[in-house]
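Source file work-v2.tsv; content: TSV, C-alpha atoms.
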```
chain	number	residue	atom	x	y	z
A	1	MET	CA	90.83	97.37	85.75
A	2	LYS	CA	92.93	94.26	86.26
A	3	PHE	CA	96.72	94.11	86.41
A	4	LEU	CA	99.02	91.15	86.58
A	5	TYR	CA	100.99	91.78	89.76
A	6	TYR	CA	104.65	90.89	90.17
A	7	PRO	CA	105.50	91.18	93.89
A	8	GLY	CA	109.13	90.01	93.77
A	9	CYS	CA	111.19	88.20	96.39
A	10	THR	CA	111.52	90.86	99.06
A	11	LEU	CA	107.83	91.78	99.22
A	12	LYS	CA	107.09	88.22	100.28
A	13	ASN	CA	109.53	88.46	103.14
A	14	LYS	CA	111.35	91.51	104.55
A	15	ALA	CA	109.15	94.10	102.84
A	16	LYS	CA	105.67	92.72	103.51
A	17	ALA	CA	104.42	96.24	104.30
A	18	LEU	CA	105.11	97.22	100.73
A	19	ASP	CA	102.97	94.33	99.47
A	20	ILE	CA	100.06	94.11	101.93
A	21	TYR	CA	99.16	97.81	101.88
A	22	ALA	CA	99.48	97.96	98.10
A	23	ARG	CA	96.84	95.23	97.81
A	24	GLU	CA	94.50	96.75	100.38
A	25	CYS	CA	94.65	100.19	98.81
A	26	ALA	CA	94.18	98.87	95.28
A	27	GLU	CA	90.86	97.44	96.42
A	28	ILE	CA	89.75	100.79	97.84
A	29	LEU	CA	90.88	102.68	94.73
A	30	GLY	CA	89.07	100.29	92.42
A	31	PHE	CA	91.71	98.25	90.63
A	32	GLU	CA	92.60	94.61	90.94
A	33	LEU	CA	96.05	93.07	91.42
A	34	VAL	CA	96.12	89.50	90.15
A	35	GLU	CA	99.27	87.86	91.50
A	36	ILE	CA	101.36	86.15	88.88
A	37	ASN	CA	101.70	82.37	89.29
A	38	ASP	CA	105.10	81.00	90.25
A	39	PHE	CA	107.07	84.18	89.69
A	40	GLN	CA	110.85	83.98	89.79
A	41	CYS	CA	113.09	86.61	91.37
A	42	CYS	CA	114.06	89.43	88.99
A	43	GLY	CA	117.64	89.38	90.28
A	44	GLY	CA	117.42	92.80	91.90
A	45	VAL	CA	119.61	94.57	89.36
A	46	PHE	CA	119.75	94.57	85.59
A	47	THR	CA	122.92	93.22	83.98
A	48	THR	CA	123.74	95.72	81.25
A	49	SER	CA	125.90	93.31	79.27
A	50	ALA	CA	124.18	92.62	75.94
A	51	ASP	CA	125.62	89.10	75.67
A	52	GLU	CA	123.95	87.85	78.84
A	53	ILE	CA	120.51	86.25	78.57
A	54	ALA	CA	120.36	83.81	81.52
A	55	THR	CA	119.99	86.56	84.13
A	56	LYS	CA	117.06	88.09	82.25
A	57	LEU	CA	114.89	85.05	81.51
A	58	ALA	CA	112.90	85.16	84.75
A	59	VAL	CA	111.66	88.62	83.86
A	60	VAL	CA	110.91	87.71	80.26
A	61	ARG	CA	108.74	84.86	81.58
A	62	ALA	CA	106.78	87.33	83.73
A	63	LEU	CA	106.38	89.71	80.78
A	64	LYS	CA	105.15	86.84	78.62
A	65	ALA	CA	102.68	85.76	81.30
A	66	ALA	CA	101.20	89.26	81.24
A	67	LYS	CA	101.02	89.22	77.45
A	68	ALA	CA	99.24	85.85	77.54
A	69	ALA	CA	96.81	87.11	80.20
A	70	GLY	CA	96.13	90.29	78.21
A	71	MET	CA	96.96	92.48	81.22
A	72	PRO	CA	99.57	95.13	81.95
A	73	LEU	CA	102.29	94.08	84.43
A	74	VAL	CA	102.50	96.07	87.65
A	75	THR	CA	105.24	96.14	90.29
A	76	VAL	CA	105.63	97.98	93.57
A	77	CYS	CA	109.30	97.41	94.36
A	78	SER	CA	111.71	99.90	92.75
A	79	ALA	CA	114.20	97.15	91.89
A	80	CYS	CA	111.72	94.82	90.18
A	81	HIS	CA	110.31	97.81	88.35
A	82	ASN	CA	113.76	98.78	87.07
A	83	VAL	CA	114.81	95.28	86.00
A	84	ILE	CA	111.47	94.56	84.30
A	85	LYS	CA	111.42	97.83	82.36
A	86	GLN	CA	115.06	97.51	81.28
A	87	THR	CA	114.53	93.91	80.17
A	88	ASN	CA	111.36	94.82	78.28
A	89	HIS	CA	113.23	97.65	76.58
A	90	ALA	CA	116.02	95.27	75.54
A	91	MET	CA	113.41	92.87	74.09
A	92	GLN	CA	111.90	95.78	72.13
A	93	THR	CA	115.07	97.38	70.82
A	94	ASP	CA	117.82	94.73	70.62
A	95	ALA	CA	116.78	92.28	67.91
A	96	VAL	CA	119.77	89.97	68.41
A	97	PHE	CA	119.20	89.75	72.17
A	98	ALA	CA	115.46	89.15	71.70
A	99	ASP	CA	116.14	86.45	69.13
A	100	ARG	CA	118.54	84.64	71.45
A	101	VAL	CA	116.00	84.78	74.28
A	102	ASN	CA	113.15	83.63	72.08
A	103	ARG	CA	115.14	80.76	70.61
A	104	TYR	CA	116.19	79.67	74.09
A	105	LEU	CA	112.64	79.74	75.47
A	106	ASN	CA	111.40	78.15	72.23
A	107	ASP	CA	107.74	77.91	73.22
A	108	GLY	CA	106.17	78.98	69.95
A	109	ASP	CA	105.24	82.44	71.19
A	110	ASP	CA	108.00	84.93	70.46
A	111	TYR	CA	108.10	88.01	72.64
A	112	HIS	CA	109.21	91.48	71.53
A	113	GLY	CA	108.26	93.70	74.45
A	114	GLU	CA	104.49	93.91	73.84
A	115	THR	CA	103.57	94.04	77.55
A	116	LYS	CA	102.92	97.44	79.11
A	117	VAL	CA	104.75	97.75	82.44
A	118	TYR	CA	103.61	100.03	85.24
A	119	HIS	CA	104.97	100.93	88.62
A	120	TYR	CA	102.12	101.07	91.17
A	121	LEU	CA	102.70	104.83	91.45
A	122	GLU	CA	102.18	105.17	87.69
A	123	VAL	CA	98.88	103.33	88.02
A	124	LEU	CA	97.83	105.85	90.67
A	125	ARG	CA	98.89	108.82	88.53
A	126	ASP	CA	98.03	107.70	85.00
A	127	ILE	CA	95.05	105.37	85.39
A	128	ILE	CA	93.34	106.08	88.70
A	129	GLY	CA	94.42	109.73	88.93
A	130	PHE	CA	95.71	111.53	92.03
A	131	ASP	CA	92.40	113.46	92.19
A	132	LYS	CA	90.59	110.20	92.80
A	133	VAL	CA	93.20	109.18	95.38
A	134	LYS	CA	92.61	112.50	97.13
A	135	GLU	CA	88.85	111.90	97.20
A	136	CYS	CA	89.41	108.59	99.00
A	137	VAL	CA	91.57	110.07	101.77
A	138	LYS	CA	89.95	109.76	105.21
A	139	TYR	CA	92.95	110.61	107.38
A	140	PRO	CA	95.05	113.40	105.82
A	141	LEU	CA	98.74	113.02	106.70
A	142	ASN	CA	99.41	116.64	107.69
A	143	MET	CA	103.20	116.37	108.01
A	144	ASN	CA	106.42	117.23	106.14
A	145	ILE	CA	107.44	114.24	104.05
A	146	GLY	CA	110.57	113.85	101.92
A	147	ALA	CA	110.14	111.54	98.94
A	148	TYR	CA	113.23	109.44	98.33
A	149	TYR	CA	113.45	108.13	94.77
A	150	GLY	CA	116.99	106.76	94.83
A	151	CYS	CA	118.35	105.49	91.53
A	152	LEU	CA	116.32	102.45	90.53
A	153	MET	CA	112.94	104.10	90.23
A	154	LEU	CA	113.98	106.68	87.65
A	155	ARG	CA	117.09	105.72	85.70
A	156	PRO	CA	117.96	105.32	82.92
A	157	GLY	CA	115.29	107.96	82.30
A	158	SER	CA	114.89	107.17	78.60
A	159	VAL	CA	114.13	103.52	79.41
A	160	ILE	CA	112.14	103.78	82.64
A	161	GLU	CA	110.05	106.73	81.37
A	162	MET	CA	108.34	107.19	84.71
A	163	ASP	CA	109.06	110.82	85.43
A	164	ASP	CA	111.65	113.55	84.83
A	165	ALA	CA	114.69	111.72	86.25
A	166	GLU	CA	116.31	114.97	87.39
A	167	ASN	CA	113.23	116.63	88.82
A	168	PRO	CA	110.71	113.91	89.61
A	169	GLN	CA	107.29	114.86	90.98
A	170	ILE	CA	105.27	111.66	91.13
A	171	MET	CA	105.82	110.96	94.86
A	172	GLU	CA	105.42	114.64	95.76
A	173	GLN	CA	102.07	114.57	93.93
A	174	LEU	CA	101.07	111.51	95.93
A	175	ILE	CA	102.11	113.13	99.23
A	176	LYS	CA	100.00	116.20	98.36
A	177	ALA	CA	97.02	114.04	97.43
A	178	LEU	CA	97.30	112.32	100.82
A	179	GLY	CA	97.21	115.65	102.64
A	180	GLY	CA	100.93	115.80	103.44
A	181	ARG	CA	103.48	118.51	102.67
A	182	PRO	CA	106.20	117.30	100.27
A	183	VAL	CA	109.74	118.38	101.10
A	184	GLU	CA	112.05	118.50	98.09
A	185	TYR	CA	115.74	118.06	98.94
A	186	GLY	CA	118.93	117.87	96.92
A	187	ASN	CA	119.75	114.19	97.16
A	188	ARG	CA	116.30	112.70	96.64
A	189	ASN	CA	117.33	111.04	93.35
A	190	GLU	CA	120.86	109.97	94.31
A	191	CYS	CA	121.94	106.45	95.28
A	192	CYS	CA	121.91	105.27	98.94
A	193	GLY	CA	124.79	102.86	98.32
A	194	GLY	CA	122.49	100.00	97.31
A	195	TYR	CA	124.06	96.55	97.22
A	196	VAL	CA	127.53	97.65	98.41
A	197	THR	CA	125.98	97.40	101.86
A	198	VAL	CA	126.84	93.70	101.45
A	199	THR	CA	130.49	94.05	100.43
A	200	ASP	CA	131.46	97.51	101.67
A	201	PRO	CA	129.16	98.64	104.50
A	202	GLY	CA	131.30	101.68	105.32
A	203	PHE	CA	130.75	103.07	101.84
A	204	ALA	CA	126.99	102.43	102.08
A	205	ARG	CA	127.00	104.24	105.43
A	206	LYS	CA	128.57	107.35	103.88
A	207	ARG	CA	126.10	107.38	101.00
A	208	SER	CA	123.04	106.83	103.22
A	209	ARG	CA	124.09	109.58	105.61
A	210	ILE	CA	124.28	112.06	102.72
A	211	ILE	CA	120.71	111.16	101.74
A	212	TYR	CA	118.98	111.34	105.12
A	213	GLU	CA	120.89	114.41	106.26
A	214	SER	CA	119.82	116.14	103.06
A	215	ALA	CA	116.17	115.29	103.79
A	216	GLU	CA	116.38	116.18	107.48
A	217	THR	CA	118.10	119.52	106.81
A	218	ALA	CA	115.34	120.43	104.37
A	219	GLY	CA	112.77	119.88	107.12
A	220	ALA	CA	111.40	116.42	106.41
A	221	GLU	CA	109.78	114.65	109.38
A	222	MET	CA	109.65	111.38	107.50
A	223	ILE	CA	111.24	109.81	104.41
A	224	VAL	CA	109.14	107.75	102.03
A	225	THR	CA	110.48	105.24	99.49
A	226	ALA	CA	109.42	102.36	97.24
A	227	CYS	CA	112.69	100.46	97.65
A	228	PRO	CA	113.35	97.89	100.42
A	229	LEU	CA	117.12	98.31	100.07
A	230	CYS	CA	116.96	102.12	100.32
A	231	ARG	CA	114.84	101.78	103.44
A	232	TYR	CA	117.22	99.24	104.99
A	233	ASN	CA	120.30	101.34	104.24
A	234	LEU	CA	118.83	104.57	105.57
A	235	ILE	CA	117.55	102.99	108.80
A	236	LYS	CA	120.64	100.85	109.43
A	237	ASN	CA	122.93	103.78	108.83
A	238	GLY	CA	121.32	106.10	111.32
A	239	ALA	CA	118.39	108.06	109.85
A	240	ASP	CA	116.95	110.16	112.69
A	241	ILE	CA	113.44	110.28	111.18
A	242	PRO	CA	111.16	107.37	110.24
A	243	VAL	CA	111.66	105.79	106.80
A	244	LYS	CA	108.42	104.30	105.44
A	245	TYR	CA	107.16	102.71	102.26
A	246	PHE	CA	104.83	104.83	100.15
A	247	THR	CA	102.19	102.11	100.48
A	248	GLU	CA	102.25	102.52	104.28
A	249	LEU	CA	101.44	106.21	103.87
A	250	LEU	CA	98.76	105.44	101.35
A	251	SER	CA	97.14	102.97	103.73
A	252	LYS	CA	97.47	105.36	106.68
A	253	ALA	CA	95.64	108.07	104.73
A	254	LEU	CA	92.97	105.82	103.17
A	255	ILE	CA	92.35	103.29	105.94
A	256	GLY	CA	93.95	104.76	109.05
A	257	GLU	CA	96.50	103.43	111.54
A	258	LYS	CA	96.14	99.83	112.64
A	259	GLU	CA	96.98	98.31	116.04
B	260	MET	CA	146.71	87.38	65.33
B	261	LYS	CA	145.23	89.84	67.80
B	262	ASP	CA	146.85	90.01	71.20
B	263	LYS	CA	144.93	89.24	74.37
B	264	ASN	CA	144.48	92.90	75.24
B	265	GLU	CA	142.84	93.68	71.88
B	266	LEU	CA	140.52	90.70	72.31
B	267	ILE	CA	139.47	91.89	75.78
B	268	LYS	CA	138.80	95.38	74.43
B	269	GLU	CA	136.69	93.93	71.63
B	270	GLN	CA	134.64	91.92	74.11
B	271	ILE	CA	134.11	94.92	76.38
B	272	LEU	CA	132.87	97.01	73.46
B	273	TYR	CA	130.63	94.20	72.25
B	274	GLN	CA	129.09	93.54	75.67
B	275	SER	CA	128.59	97.18	76.61
B	276	LYS	CA	127.60	98.45	73.15
B	277	VAL	CA	129.33	101.67	74.15
B	278	ASN	CA	131.00	103.84	71.54
B	279	VAL	CA	133.95	105.07	73.58
B	280	ARG	CA	134.99	107.47	70.82
B	281	LYS	CA	131.93	109.66	71.48
B	282	CYS	CA	133.48	110.72	74.81
B	283	MET	CA	134.70	114.34	74.82
B	284	ARG	CA	136.37	114.00	78.26
B	285	CYS	CA	134.25	116.60	80.00
B	286	GLY	CA	134.33	114.56	83.21
B	287	LYS	CA	130.65	115.04	84.00
B	288	CYS	CA	130.24	111.29	84.63
B	289	SER	CA	132.94	111.33	87.28
B	290	GLY	CA	131.70	114.62	88.71
B	291	THR	CA	128.25	113.14	89.32
B	292	CYS	CA	129.41	109.66	90.40
B	293	PRO	CA	128.40	108.86	94.02
B	294	ALA	CA	131.37	106.45	94.23
B	295	TYR	CA	133.95	109.00	93.06
B	296	ASP	CA	135.77	109.27	96.41
B	297	GLU	CA	136.00	105.49	96.73
B	298	MET	CA	137.47	104.90	93.27
B	299	GLU	CA	141.04	104.64	92.11
B	300	TYR	CA	139.90	104.94	88.49
B	301	HIS	CA	136.84	107.08	87.80
B	302	PRO	CA	134.12	106.61	85.17
B	303	HIS	CA	135.73	108.92	82.57
B	304	GLN	CA	139.04	107.07	83.05
B	305	PHE	CA	137.33	103.72	82.45
B	306	VAL	CA	136.06	105.05	79.12
B	307	TYR	CA	139.42	106.53	78.11
B	308	MET	CA	141.49	103.55	79.24
B	309	VAL	CA	139.28	101.11	77.33
B	310	GLU	CA	139.52	103.33	74.25
B	311	THR	CA	143.32	103.41	74.40
B	312	GLY	CA	143.61	99.73	75.31
B	313	ASP	CA	145.10	100.40	78.74
B	314	ILE	CA	142.80	97.82	80.34
B	315	GLU	CA	145.09	95.79	82.59
B	316	PRO	CA	145.10	98.34	85.47
B	317	LEU	CA	141.27	98.36	85.42
B	318	LEU	CA	141.09	94.57	85.65
B	319	ASN	CA	143.12	94.67	88.85
B	320	SER	CA	141.39	97.63	90.47
B	321	GLU	CA	138.94	97.62	93.38
B	322	SER	CA	137.13	100.42	91.52
B	323	LEU	CA	135.22	97.68	89.70
B	324	TYR	CA	133.37	96.91	92.92
B	325	LYS	CA	132.60	100.50	93.88
B	326	CYS	CA	130.25	101.25	90.99
B	327	LEU	CA	126.66	101.29	92.30
B	328	THR	CA	125.10	100.93	88.83
B	329	CYS	CA	122.92	103.91	89.75
B	330	PHE	CA	123.04	105.17	86.14
B	331	ALA	CA	123.77	108.76	87.19
B	332	CYS	CA	126.66	108.82	84.67
B	333	VAL	CA	124.44	107.24	82.01
B	334	ASP	CA	121.69	109.83	82.32
B	335	ARG	CA	123.96	112.84	82.76
B	336	CYS	CA	126.51	112.24	80.00
B	337	PRO	CA	125.99	114.95	77.37
B	338	ARG	CA	127.17	112.57	74.62
B	339	GLY	CA	125.21	109.46	75.60
B	340	VAL	CA	128.37	107.42	76.24
B	341	GLU	CA	126.93	105.34	79.14
B	342	PRO	CA	130.11	104.80	81.20
B	343	ALA	CA	128.39	102.44	83.71
B	344	LYS	CA	128.06	99.87	80.93
B	345	ILE	CA	131.83	99.98	80.36
B	346	VAL	CA	132.49	99.49	84.08
B	347	GLU	CA	130.10	96.51	84.10
B	348	ALA	CA	131.73	94.91	81.06
B	349	VAL	CA	135.21	95.27	82.59
B	350	ARG	CA	133.95	93.78	85.86
B	351	LEU	CA	132.37	90.85	83.99
B	352	THR	CA	135.67	90.26	82.20
B	353	VAL	CA	137.18	89.62	85.63
B	354	ILE	CA	134.43	87.75	87.48
B	355	ARG	CA	133.56	85.48	84.57
B	356	GLN	CA	136.96	83.84	85.13
B	357	GLN	CA	137.06	80.69	87.23
B	358	GLY	CA	137.66	81.49	90.90
B	359	LYS	CA	137.34	85.26	90.51
B	360	ASN	CA	134.01	85.86	92.22
B	361	LYS	CA	134.07	88.90	94.45
B	362	LEU	CA	131.27	87.65	96.73
B	363	LYS	CA	131.29	84.04	97.88
B	364	PRO	CA	128.58	81.98	99.61
B	365	ASP	CA	130.76	81.67	102.71
B	366	ASP	CA	130.72	85.47	103.07
B	367	ILE	CA	126.94	85.58	103.44
B	368	PRO	CA	126.25	84.27	107.00
B	369	ASP	CA	128.23	87.13	108.56
B	370	ILE	CA	126.31	89.69	106.52
B	371	ILE	CA	122.81	88.58	107.46
B	372	ASP	CA	121.61	90.73	110.34
B	373	GLY	CA	117.95	89.77	110.50
B	374	GLU	CA	116.83	92.89	108.69
B	375	ILE	CA	118.76	92.85	105.41
B	376	PRO	CA	116.30	92.51	102.51
B	377	GLN	CA	116.62	89.62	100.05
B	378	GLN	CA	117.01	92.27	97.37
B	379	ALA	CA	120.43	93.29	98.81
B	380	LEU	CA	121.80	89.77	98.59
B	381	VAL	CA	120.49	88.92	95.12
B	382	SER	CA	121.67	92.29	93.78
B	383	ALA	CA	125.17	91.90	95.19
B	384	TYR	CA	125.31	88.38	93.78
B	385	ARG	CA	124.27	89.61	90.34
B	386	LYS	CA	126.97	92.25	90.36
B	387	PHE	CA	129.85	90.46	92.02
B	388	THR	CA	129.45	86.75	91.34
B	389	LYS	CA	129.14	84.54	88.26
```

If you took the structure in this file and wrote it as structure tokens, what would it be?
Amino acid sequence: MKFLYYPGCTLKNKAKALDIYARECAEILGFELVEINDFQCCGGVFTTSADEIATKLAVVRALKAAKAAGMPLVTVCSACHNVIKQTNHAMQTDAVFADRVNRYLNDGDDYHGETKVYHYLEVLRDIIGFDKVKECVKYPLNMNIGAYYGCLMLRPGSVIEMDDAENPQIMEQLIKALGGRPVEYGNRNECCGGYVTVTDPGFARKRSRIIYESAETAGAEMIVTACPLCRYNLIKNGADIPVKYFTELLSKALIGEKE
Amino acid sequence: MKDKNELIKEQILYQSKVNVRKCMRCGKCSGTCPAYDEMEYHPHQFVYMVETGDIEPLLNSESLYKCLTCFACVDRCPRGVEPAKIVEAVRLTVIRQQGKNKLKPDDIPDIIDGEIPQQALVSAYRKFTK
């Protein structure tokens, strides 16, 4: 199956490990990621204000490209995933907003949220199946791994519709399929401080410490995330255990360690 | 003619699409807010103060820049009030004014440490700069 792939700004730069391993593993698992032409940055966060269209046009263009190509749109980064799903939801449910966007773009092809949007993890769970992932594992992980969801991957739950936002299981299911032992801890779906790391690093430090201490106390030997900013905040602010992208684990289990 | 305060309230309600009158003041939004300790005004106070038109103190508060937009309050409100959208609308009321950006281009060079992901910078810009 083919998916139009939206990498986003960070996966082309600071989070290359999120991108490269996602591509490699897709090939092994039997689906194709077709990179979208000339994508524009999603902006990193969704602006909730209903009167603002300019900050959402880049994503609408990506959604329309997927509609035109007849493919679902897939993302790997938690932030892109969140912004794309929230924008698509606004195009589906807010007729005034959608009309303003469509009149601005004015290209003869009105968009009302027809594109199906997947996070890469959803492709693994809902299309490929974690059983199939398990069959492809050559190097089982055999360690205690704490999945860190953060905020962007799950909320708002009624819009993102990825998993139970209060008791998510999708990354734990992946860890199990890869031969690891998932460690569930209290703060796995709370915010690391996110973008305040830019304006208020002390606050981000406090938040990040709460997260990694929660994981470490529960016995995790590693934290796994899909968000470049979560990873940066946890590492910068003193996590004592490695913080990796889920695609790195996937590659380690399917392909093995490089170097 | 409506006074300035009423006009600001109307804009905040229009932008956020929040029905502040659904709030039953249980405080669950503030109880679950990861920025609670950093805030002078907490999510439930934002909702109440917008409802009663006591908006001026919010416009001048650093609390506007403590919200992480993590949507914990949105998902956990038993009445579906969505306080984060009120906080965002109040913040936009401030930063959409000329010269009121919280984050300026000159601030950026000192922040870049060689590891910071692009996502951090674009997100902070979206939230704090117009």

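Coordinates place CA of Ala165 (chain A) at a distance of 26.8 Å from CA of Ala95 (chain A).
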
task: For Cys292 (chain B), list every protein, DNA or RNA residue within 12 Å, evaluated using only C-alpha atoms, and leave out those in the same chain fewer than 6 positions away; present the list as an NGL selection string.
output: (:A and (151 or 190-191 or 193 or 207)) or (:B and (286 or 298 or 300-303 or 325-336 or 342-343))

message: Under the rule that all atoms listed in the file are counted, which of A:Gly194, A:Lys244, A:Ala22, A:Val60 is the nearest residue to Val381 (chain B)?
response: A:Gly194

field: Contacts of Ala218 (chain A) within 12 Å, only C-alpha atoms, excl. fewer than 5 positions in-chain, as a VMD selection string
entry: chain A and resid 144 to 147 182 to 188 211 to 213 223

Selection above as a file: C-alpha atoms, as a PDB file, in the coordinates of the input:
```pdb
ATOM      1  CA  ASN A 144     106.420 117.230 106.140  1.00  0.00           C
ATOM      2  CA  ILE A 145     107.440 114.240 104.050  1.00  0.00           C
ATOM      3  CA  GLY A 146     110.570 113.850 101.920  1.00  0.00           C
ATOM      4  CA  ALA A 147     110.140 111.540  98.940  1.00  0.00           C
ATOM      5  CA  PRO A 182     106.200 117.300 100.270  1.00  0.00           C
ATOM      6  CA  VAL A 183     109.740 118.380 101.100  1.00  0.00           C
ATOM      7  CA  GLU A 184     112.050 118.500  98.090  1.00  0.00           C
ATOM      8  CA  TYR A 185     115.740 118.060  98.940  1.00  0.00           C
ATOM      9  CA  GLY A 186     118.930 117.870  96.920  1.00  0.00           C
ATOM     10  CA  ASN A 187     119.750 114.190  97.160  1.00  0.00           C
ATOM     11  CA  ARG A 188     116.300 112.700  96.640  1.00  0.00           C
ATOM     12  CA  ILE A 211     120.710 111.160 101.740  1.00  0.00           C
ATOM     13  CA  TYR A 212     118.980 111.340 105.120  1.00  0.00           C
ATOM     14  CA  GLU A 213     120.890 114.410 106.260  1.00  0.00           C
ATOM     15  CA  ILE A 223     111.240 109.810 104.410  1.00  0.00           C
TER      16      ILE A 223
END
```

Sorted by chain and rising residue number, which residues of chain B lie within 8 Å of chain A, and what are their closest atom pairs and distances in Å to one decimal, counting only C-alpha atoms, as a tab-separated table?
```
residue	atom	partner	partner_atom	distance
B:Tyr273	CA	A:Ala50	CA	7.6
B:Gln274	CA	A:Ser49	CA	4.8
B:Ser275	CA	A:Ser49	CA	5.4
B:Lys276	CA	A:Ala50	CA	7.3
B:Pro293	CA	A:Cys191	CA	7.0
B:Glu297	CA	A:Phe203	CA	7.7
B:Lys325	CA	A:Val196	CA	7.4
B:Leu327	CA	A:Gly193	CA	6.5
B:Cys329	CA	A:Cys151	CA	5.2
B:Phe330	CA	A:Arg155	CA	6.0
B:Ala331	CA	A:Arg155	CA	7.5
B:Val333	CA	A:Pro156	CA	6.8
B:Asp334	CA	A:Pro156	CA	5.9
B:Lys344	CA	A:Thr48	CA	6.0
B:Glu347	CA	A:Thr48	CA	7.0
B:Ala348	CA	A:Ser49	CA	6.3
B:Leu362	CA	A:Thr199	CA	7.4
B:Ile370	CA	A:Val198	CA	6.5
B:Glu374	CA	A:Lys14	CA	7.0
B:Ile375	CA	A:Tyr232	CA	6.6
B:Pro376	CA	A:Lys14	CA	5.4
B:Gln377	CA	A:Thr10	CA	5.3
B:Gln378	CA	A:Gly44	CA	5.5
B:Ala379	CA	A:Tyr195	CA	5.1
B:Leu380	CA	A:Val198	CA	7.0
B:Val381	CA	A:Gly43	CA	5.6
B:Ser382	CA	A:Gly44	CA	4.7
B:Ala383	CA	A:Tyr195	CA	5.2
B:Arg385	CA	A:Gly43	CA	6.6
B:Lys386	CA	A:Thr47	CA	7.6
```

query: Residues around (108.3, 87.3, 87.5), cut-off 12 Å, counting all atoms listed in the file - what are they as a ChimeraX atom specification?
result: /A:4-9,35-44,56-66,73-75,80-81,83-84,87

- prompt: So how many Å separate CA of Gln270 (chain B) and CA of Leu323 (chain B), to one decimal?
  reply: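 It comes out at 16.6 Å.
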
- request: Grab the CA of His89 (chain A) to CA of Ile160 (chain A) distance for me, in Å with one decimal place.
  value: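 About the pair CA of His89 (chain A) and CA of Ile160 (chain A): they are 8.7 Å apart.
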
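Remark: for Met308 (chain B), the closest of the candidate residues B:Met260, B:Lys287, B:Ile345, B:Gly339 is B:Ile345 (distances computed over all atoms listed in the file).
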
Selection near Pro316 (chain B), 12 Å with all atoms listed in the file, sequence-local residues under 5 positions removed, as a ChimeraX atom specification: /B:264,299-300,304-305,308-309,321-323,349,353

Output C-alpha atoms for every residue in the selection just made, as a short mmCIF file (atom, residue, chain, number, x, y, z; two decimals), in the coordinates of the input.
```
data_model
loop_
_atom_site.label_atom_id
_atom_site.label_comp_id
_atom_site.auth_asym_id
_atom_site.auth_seq_id
_atom_site.Cartn_x
_atom_site.Cartn_y
_atom_site.Cartn_z
CA ASN B 264 144.48 92.90 75.24
CA GLU B 299 141.04 104.64 92.11
CA TYR B 300 139.90 104.94 88.49
CA GLN B 304 139.04 107.07 83.05
CA PHE B 305 137.33 103.72 82.45
CA MET B 308 141.49 103.55 79.24
CA VAL B 309 139.28 101.11 77.33
CA GLU B 321 138.94 97.62 93.38
CA SER B 322 137.13 100.42 91.52
CA LEU B 323 135.22 97.68 89.70
CA VAL B 349 135.21 95.27 82.59
CA VAL B 353 137.18 89.62 85.63
#
```

message: Set the distance at 7 Å and use only C-alpha atoms: which residues neighbour region 100-104 of chain A once local chain neighbours fewer than 6 positions away are removed? I'd like the list as a PyMOL selection string.
response: chain A and resi 53+110-111

message: Just want the 8 Å neighbourhood of Met143 (chain A), counted on all atoms listed in the file, with same-chain residues fewer than 4 positions away dropped. Output as a VMD selection string.
response: chain A and resid 180 to 181 221

Starting from the block above, write region 227-251 of chain A out to a file with C-alpha atoms, as a PDB file, in the first residue's frame, please.
```pdb
ATOM      1  CA  CYS A 227       8.425  13.754  19.205  1.00  0.00           C
ATOM      2  CA  PRO A 228      11.734  15.562  18.517  1.00  0.00           C
ATOM      3  CA  LEU A 229      10.926  18.264  21.072  1.00  0.00           C
ATOM      4  CA  CYS A 230      10.096  15.751  23.827  1.00  0.00           C
ATOM      5  CA  ARG A 231      13.367  13.979  23.123  1.00  0.00           C
ATOM      6  CA  TYR A 232      15.343  17.232  23.184  1.00  0.00           C
ATOM      7  CA  ASN A 233      13.741  18.402  26.427  1.00  0.00           C
ATOM      8  CA  LEU A 234      14.231  15.105  28.247  1.00  0.00           C
ATOM      9  CA  ILE A 235      17.889  14.750  27.199  1.00  0.00           C
ATOM     10  CA  LYS A 236      18.798  18.405  27.737  1.00  0.00           C
ATOM     11  CA  ASN A 237      17.188  18.431  31.137  1.00  0.00           C
ATOM     12  CA  GLY A 238      19.046  15.462  32.518  1.00  0.00           C
ATOM     13  CA  ALA A 239      17.365  12.135  31.713  1.00  0.00           C
ATOM     14  CA  ASP A 240      19.617   9.405  33.141  1.00  0.00           C
ATOM     15  CA  ILE A 241      18.473   6.771  30.626  1.00  0.00           C
ATOM     16  CA  PRO A 242      18.610   6.907  26.813  1.00  0.00           C
ATOM     17  CA  VAL A 243      15.731   8.652  25.007  1.00  0.00           C
ATOM     18  CA  LYS A 244      15.162   7.217  21.522  1.00  0.00           C
ATOM     19  CA  TYR A 245      12.704   7.571  18.686  1.00  0.00           C
ATOM     20  CA  PHE A 246      10.305   4.675  18.193  1.00  0.00           C
ATOM     21  CA  THR A 247      11.641   4.278  14.652  1.00  0.00           C
ATOM     22  CA  GLU A 248      15.145   3.653  16.045  1.00  0.00           C
ATOM     23  CA  LEU A 249      13.778   0.779  18.131  1.00  0.00           C
ATOM     24  CA  LEU A 250      11.845  -0.552  15.186  1.00  0.00           C
ATOM     25  CA  SER A 251      14.976  -0.533  13.040  1.00  0.00           C
TER      26      SER A 251
END
```
